[in-house]
Amino acid sequence: MHLFLPDDNEGFSSRSYYLSRNIQFLGYIYEYEDYSIETVENKPIYYYFLKIREAVIKKFDEVFPGELSSFASGILLGQKSSLSSQIKDNFRDIGIYHLLAVSGLHLSVILNSFMALLLFLKVRKKHVLILNCILALTFMAITGFTPSITRAGIMHLIYFTGLIFLKRADSLNSLGIAICALTFINPFSAGDVGLLLSVYSTLGITLFSSKINAFLENKLSYKGRFKKQISSVVSLSSVTIAATLLTTPIIILSFKRVSLISVLANVLIVPISSLMLVFILITAALSFWGIINFICMPVAFISSILMKIVIFATGLLVKIPFAAVSTTENVILIWLASTLILVALALLLYKDLSFIKITSLLSCIVLLVG
């Protein structure tokens, strides 16, 4: 067997990324030499969760045609290896790549849907919360305990546990506990780009989304017929802007491209994707029950339609001029460093909103001059 260490590229360290997944080094078997494979009788519990994951992917291959099977596996389980590079590039260029990386959004949609179903069936709320904790742990295991989903899972567990004991969990403290737990188990978790994006998007939403939403609501002050619909769009836009504020530096450094239409793309596609995720989950659950296959197929058909709509919409949005711009130029790195310094000074010298306006203006000037 040939063993070797991964090469470090520009930006984030790939070696640290592999270490975040508890992979110390890479290797491959010399095919021209004899080797044997031994099976272990006493398998760990985690093995059975991986078998469930494998079974779900196989069921998707049976239920969904062609590339839709890979897309369903990518959306629900984060299994992107068989997904076409075109779809992955489109999602990245319009700023919705987080839909292909199992994260807090996926867990929230699944747990909220499960909770709504149980409450509809008149299950006691305390029992619903306990079952939700079990479901969160199960989903974390099936998706491979990736750092980003583990972060979201820990926060949900803290939230549900608080409700069970009639306590209210604080989002900022829950995020801190999740980070401490992850880095205590494996300090190299910080090398996982998915976790960095997950943590900073959550932090941005926690700190800024309500303020941005209040600002936009105040500026629009719309009281017409479609007030609720516009309010929902403003709320989703506020969440996207808040998440983008803190994740942009990581995206610039790691992906070398940044989307200029991410807010528009998220407002248009996230609601459809959330509904699509629910139908894919129901399809996965029903596909194991052969006796009710006649119910599974209509649900799978609706899932297919929603997946085709999302894929078509991403293909349409990516054609918008300057939907994504390259950040490989050194001037972008200079701008990023300058902006972070200006933000730090603004926070240090903060007196009123004029400091934020001046900081934003100076950042734009630095970028335009560059």
# chains A, B, ... in the order shown; residues from 1 in each chain; ligands from 1

call {"tool": "residues_around", "arguments": {"residues": "Lys126 (chain A)", "least_positions_apart": "5", "cutoff": "10 Å", "atoms": "only C-alpha atoms", "output": "JSON, numbers by chain"}}
result
{"A": [131, 132, 160, 161, 163, 164, 165]}

call {"tool": "residues_around", "arguments": {"residues": "Gln86 (chain A)", "least_positions_apart": "6", "cutoff": "12 Å", "atoms": "only C-alpha atoms", "output": "list of chain:residue names"}}
result
A:Glu67, A:Phe71, A:Lys80, A:Arg92, A:Asp93, A:Ile311, A:Phe312, A:Thr314, A:Gly315, A:Val318

call {"tool": "write_last_selection", "arguments": {"atoms": "N, CA and C atoms", "output": "PDB file, in the first residue's frame"}}
result
ATOM      1  N   GLU A  67     -30.196  11.421 -13.487  1.00  0.00           N
ATOM      2  CA  GLU A  67     -29.480  12.358 -12.624  1.00  0.00           C
ATOM      3  C   GLU A  67     -30.300  12.814 -11.428  1.00  0.00           C
ATOM      4  N   PHE A  71     -29.201  13.810  -7.587  1.00  0.00           N
ATOM      5  CA  PHE A  71     -29.597  15.101  -7.023  1.00  0.00           C
ATOM      6  C   PHE A  71     -30.324  14.913  -5.691  1.00  0.00           C
ATOM      7  N   LYS A  80     -22.540  14.044  -2.911  1.00  0.00           N
ATOM      8  CA  LYS A  80     -22.381  14.822  -4.145  1.00  0.00           C
ATOM      9  C   LYS A  80     -21.427  14.169  -5.152  1.00  0.00           C
ATOM     10  N   ARG A  92     -23.066  26.765  -6.978  1.00  0.00           N
ATOM     11  CA  ARG A  92     -22.018  27.577  -6.361  1.00  0.00           C
ATOM     12  C   ARG A  92     -22.047  29.007  -6.911  1.00  0.00           C
ATOM     13  N   ASP A  93     -22.250  29.151  -8.217  1.00  0.00           N
ATOM     14  CA  ASP A  93     -22.159  30.468  -8.849  1.00  0.00           C
ATOM     15  C   ASP A  93     -23.327  31.382  -8.498  1.00  0.00           C
ATOM     16  N   ILE A 311     -33.489  22.668 -10.641  1.00  0.00           N
ATOM     17  CA  ILE A 311     -32.352  22.554 -11.571  1.00  0.00           C
ATOM     18  C   ILE A 311     -32.515  23.538 -12.732  1.00  0.00           C
ATOM     19  N   PHE A 312     -33.742  23.648 -13.273  1.00  0.00           N
ATOM     20  CA  PHE A 312     -34.005  24.584 -14.368  1.00  0.00           C
ATOM     21  C   PHE A 312     -33.793  26.028 -13.916  1.00  0.00           C
ATOM     22  N   THR A 314     -31.899  27.184 -11.445  1.00  0.00           N
ATOM     23  CA  THR A 314     -30.469  27.481 -11.244  1.00  0.00           C
ATOM     24  C   THR A 314     -29.766  27.687 -12.582  1.00  0.00           C
ATOM     25  N   GLY A 315     -30.125  26.859 -13.577  1.00  0.00           N
ATOM     26  CA  GLY A 315     -29.544  27.014 -14.905  1.00  0.00           C
ATOM     27  C   GLY A 315     -29.913  28.338 -15.545  1.00  0.00           C
ATOM     28  N   VAL A 318     -27.997  31.332 -13.495  1.00  0.00           N
ATOM     29  CA  VAL A 318     -26.543  31.399 -13.706  1.00  0.00           C
ATOM     30  C   VAL A 318     -26.205  32.114 -15.014  1.00  0.00           C
TER      31      VAL A 318
END

call {"tool": "atom_distance", "arguments": {"atom1": "CA of Ala136 (chain A)", "atom2": "CA of Ile302 (chain A)"}}
result
25.4 Å

call {"tool": "residues_around", "arguments": {"residues": "region 16-18 of chain A", "least_positions_apart": "6", "cutoff": "8 Å", "atoms": "only C-alpha atoms", "output": "PyMOL selection string"}}
result
chain A and resi 24-25+188-189+191-193

call {"tool": "closest_residue", "arguments": {"among": "A:Leu245, A:Leu347, A:Leu77, A:Ile261", "to": "Ala101 (chain A)", "atoms": "only C-alpha atoms"}}
result
A:Leu77

call {"tool": "residues_around", "arguments": {"residues": "Ile272 (chain A)", "least_positions_apart": "3", "cutoff": "9 Å", "atoms": "only C-alpha atoms", "output": "list in words"}}
result
Leu268, Ile269, Leu275, Met276, Leu277, Leu306, Met307, Ile309 and Val310 of chain A

call {"tool": "write_last_selection", "arguments": {"atoms": "C-alpha atoms", "output": "tab-separated table (two decimals), in the first residue's frame"}}
result
chain	number	residue	atom	x	y	z
A	268	LEU	CA	-36.51	32.36	-5.26
A	269	ILE	CA	-35.16	28.86	-4.68
A	275	LEU	CA	-40.78	21.83	0.02
A	276	MET	CA	-38.73	19.58	-2.27
A	277	LEU	CA	-36.67	18.32	0.68
A	306	LEU	CA	-39.77	20.03	-7.83
A	307	MET	CA	-36.18	18.87	-8.48
A	309	ILE	CA	-37.88	23.13	-11.34
A	310	VAL	CA	-34.92	23.83	-9.03

call {"tool": "select_by_dssp", "arguments": {"residues": "region 89-324 of chain A", "states": "strand (DSSP E)", "output": "list in words"}}
result
Arg257, Val258, Ser259 and Ala324 of chain A

call {"tool": "residues_around", "arguments": {"residues": "Leu336 (chain A)", "least_positions_apart": "6", "cutoff": "10 Å", "atoms": "only C-alpha atoms", "output": "ChimeraX atom specification"}}
result
/A:248-249,252-253,330,342,363,366-367

call {"tool": "write_last_selection", "arguments": {"atoms": "N, CA, C and O atoms", "output": "mmCIF file, in the first residue's frame"}}
result
data_model
loop_
_atom_site.group_PDB
_atom_site.id
_atom_site.type_symbol
_atom_site.label_atom_id
_atom_site.label_comp_id
_atom_site.auth_asym_id
_atom_site.auth_seq_id
_atom_site.Cartn_x
_atom_site.Cartn_y
_atom_site.Cartn_z
ATOM 1 N N THR A 248 -18.861 35.786 3.343
ATOM 2 C CA THR A 248 -18.192 36.248 2.123
ATOM 3 C C THR A 248 -16.671 36.111 2.177
ATOM 4 O O THR A 248 -16.068 35.639 1.207
ATOM 5 N N PRO A 249 -16.000 36.510 3.284
ATOM 6 C CA PRO A 249 -14.542 36.323 3.330
ATOM 7 C C PRO A 249 -14.113 34.870 3.123
ATOM 8 O O PRO A 249 -13.126 34.604 2.430
ATOM 9 N N ILE A 252 -14.620 33.914 -0.587
ATOM 10 C CA ILE A 252 -13.579 34.521 -1.426
ATOM 11 C C ILE A 252 -12.291 33.715 -1.346
ATOM 12 O O ILE A 252 -11.638 33.447 -2.364
ATOM 13 N N LEU A 253 -11.915 33.298 -0.137
ATOM 14 C CA LEU A 253 -10.642 32.600 0.059
ATOM 15 C C LEU A 253 -10.694 31.144 -0.394
ATOM 16 O O LEU A 253 -9.703 30.623 -0.899
ATOM 17 N N ASN A 330 -5.216 39.536 -6.856
ATOM 18 C CA ASN A 330 -4.652 39.956 -5.564
ATOM 19 C C ASN A 330 -5.347 41.187 -5.001
ATOM 20 O O ASN A 330 -5.407 41.370 -3.785
ATOM 21 N N LEU A 342 -11.108 48.082 8.449
ATOM 22 C CA LEU A 342 -12.060 49.184 8.611
ATOM 23 C C LEU A 342 -13.215 48.800 9.524
ATOM 24 O O LEU A 342 -13.654 49.597 10.360
ATOM 25 N N SER A 363 -14.979 51.133 2.084
ATOM 26 C CA SER A 363 -14.789 49.793 1.520
ATOM 27 C C SER A 363 -15.085 49.794 0.018
ATOM 28 O O SER A 363 -14.350 49.188 -0.778
ATOM 29 N N VAL A 366 -12.203 51.545 -1.805
ATOM 30 C CA VAL A 366 -11.041 50.662 -1.930
ATOM 31 C C VAL A 366 -11.223 49.667 -3.071
ATOM 32 O O VAL A 366 -10.318 49.432 -3.883
ATOM 33 N N LEU A 367 -12.421 49.097 -3.157
ATOM 34 C CA LEU A 367 -12.707 48.121 -4.207
ATOM 35 C C LEU A 367 -12.679 48.759 -5.593
ATOM 36 O O LEU A 367 -12.069 48.225 -6.528
#

call {"tool": "residues_around", "arguments": {"residues": "Ser287 (chain A)", "least_positions_apart": "5", "cutoff": "12 Å", "atoms": "only C-alpha atoms", "output": "ChimeraX atom specification"}}
result
/A:55-64,279-282,292-300

call {"tool": "atom_distance", "arguments": {"atom1": "CA of Gly74 (chain A)", "atom2": "CA of Phe91 (chain A)"}}
result
12.0 Å

call {"tool": "residues_around", "arguments": {"residues": "Phe49 (chain A)", "least_positions_apart": "2", "cutoff": "8 Å", "atoms": "only C-alpha atoms", "output": "list in words"}}
result
Ile45, Tyr46, Tyr47, Lys51, Ile52, Arg53, Thr138, Ala141 and Ile142 of chain A

call {"tool": "closest_residue", "arguments": {"among": "A:Phe4, A:Tyr32, A:Tyr48, A:Tyr97", "to": "Gly194 (chain A)", "atoms": "only C-alpha atoms"}}
result
A:Tyr97

call {"tool": "select_by_dssp", "arguments": {"residues": "region 3-236 of chain A", "states": "helix (DSSP H, G or I)", "output": "ChimeraX atom specification"}}
result
/A:14-20,45-63,67-77,85-93,97-99,104-120,125-142,147-164,171-185,187-191,193-220,227-236

call {"tool": "decode", "arguments": {"residues": "region 161-177 of chain A", "atoms": "N, CA, C and O atoms", "output": "compact mmCIF listing (two decimals), in the first residue's frame"}}
result
# COMPACT_ATOMS: atom_id res chain seq x y z
N THR A 161 -34.05 20.24 24.32
CA THR A 161 -33.87 19.90 25.74
C THR A 161 -34.35 21.03 26.63
O THR A 161 -34.98 20.81 27.68
N GLY A 162 -34.05 22.27 26.20
CA GLY A 162 -34.53 23.44 26.96
C GLY A 162 -36.05 23.48 27.04
O GLY A 162 -36.62 23.74 28.09
N LEU A 163 -36.71 23.19 25.90
CA LEU A 163 -38.18 23.19 25.88
C LEU A 163 -38.75 22.09 26.77
O LEU A 163 -39.79 22.28 27.41
N ILE A 164 -38.07 20.93 26.80
CA ILE A 164 -38.54 19.83 27.65
C ILE A 164 -38.55 20.25 29.11
O ILE A 164 -39.47 19.93 29.87
N PHE A 165 -37.52 21.01 29.52
CA PHE A 165 -37.40 21.44 30.92
C PHE A 165 -37.91 22.87 31.12
O PHE A 165 -37.57 23.53 32.09
N LEU A 166 -38.71 23.33 30.15
CA LEU A 166 -39.35 24.65 30.22
C LEU A 166 -38.33 25.78 30.36
O LEU A 166 -38.51 26.75 31.11
N LYS A 167 -37.23 25.65 29.63
CA LYS A 167 -36.21 26.69 29.60
C LYS A 167 -36.02 27.16 28.16
O LYS A 167 -36.24 26.40 27.21
N ARG A 168 -35.62 28.41 28.00
CA ARG A 168 -35.41 28.95 26.66
C ARG A 168 -33.91 28.97 26.35
O ARG A 168 -33.12 29.55 27.09
N ALA A 169 -33.53 28.31 25.24
CA ALA A 169 -32.13 28.25 24.85
C ALA A 169 -31.73 29.54 24.14
O ALA A 169 -32.50 30.11 23.37
N ASP A 170 -30.52 30.02 24.42
CA ASP A 170 -29.99 31.22 23.77
C ASP A 170 -29.17 30.78 22.55
O ASP A 170 -28.28 29.94 22.66
N SER A 171 -29.47 31.36 21.39
CA SER A 171 -28.84 30.93 20.14
C SER A 171 -27.32 31.11 20.16
O SER A 171 -26.57 30.25 19.72
N LEU A 172 -26.88 32.24 20.70
CA LEU A 172 -25.43 32.53 20.72
C LEU A 172 -24.70 31.55 21.63
O LEU A 172 -23.64 31.03 21.28
N ASN A 173 -25.27 31.29 22.81
CA ASN A 173 -24.66 30.31 23.73
C ASN A 173 -24.68 28.90 23.15
O ASN A 173 -23.72 28.14 23.29
N SER A 174 -25.80 28.56 22.48
CA SER A 174 -25.90 27.23 21.87
C SER A 174 -24.85 27.04 20.78
O SER A 174 -24.23 25.98 20.67
N LEU A 175 -24.62 28.10 19.99
CA LEU A 175 -23.59 28.05 18.95
C LEU A 175 -22.21 27.87 19.58
O LEU A 175 -21.39 27.07 19.12
N GLY A 176 -21.96 28.61 20.66
CA GLY A 176 -20.68 28.49 21.36
C GLY A 176 -20.45 27.10 21.93
O GLY A 176 -19.34 26.54 21.82
N ILE A 177 -21.49 26.52 22.51
CA ILE A 177 -21.38 25.16 23.07
C ILE A 177 -21.10 24.15 21.95
O ILE A 177 -20.27 23.25 22.10
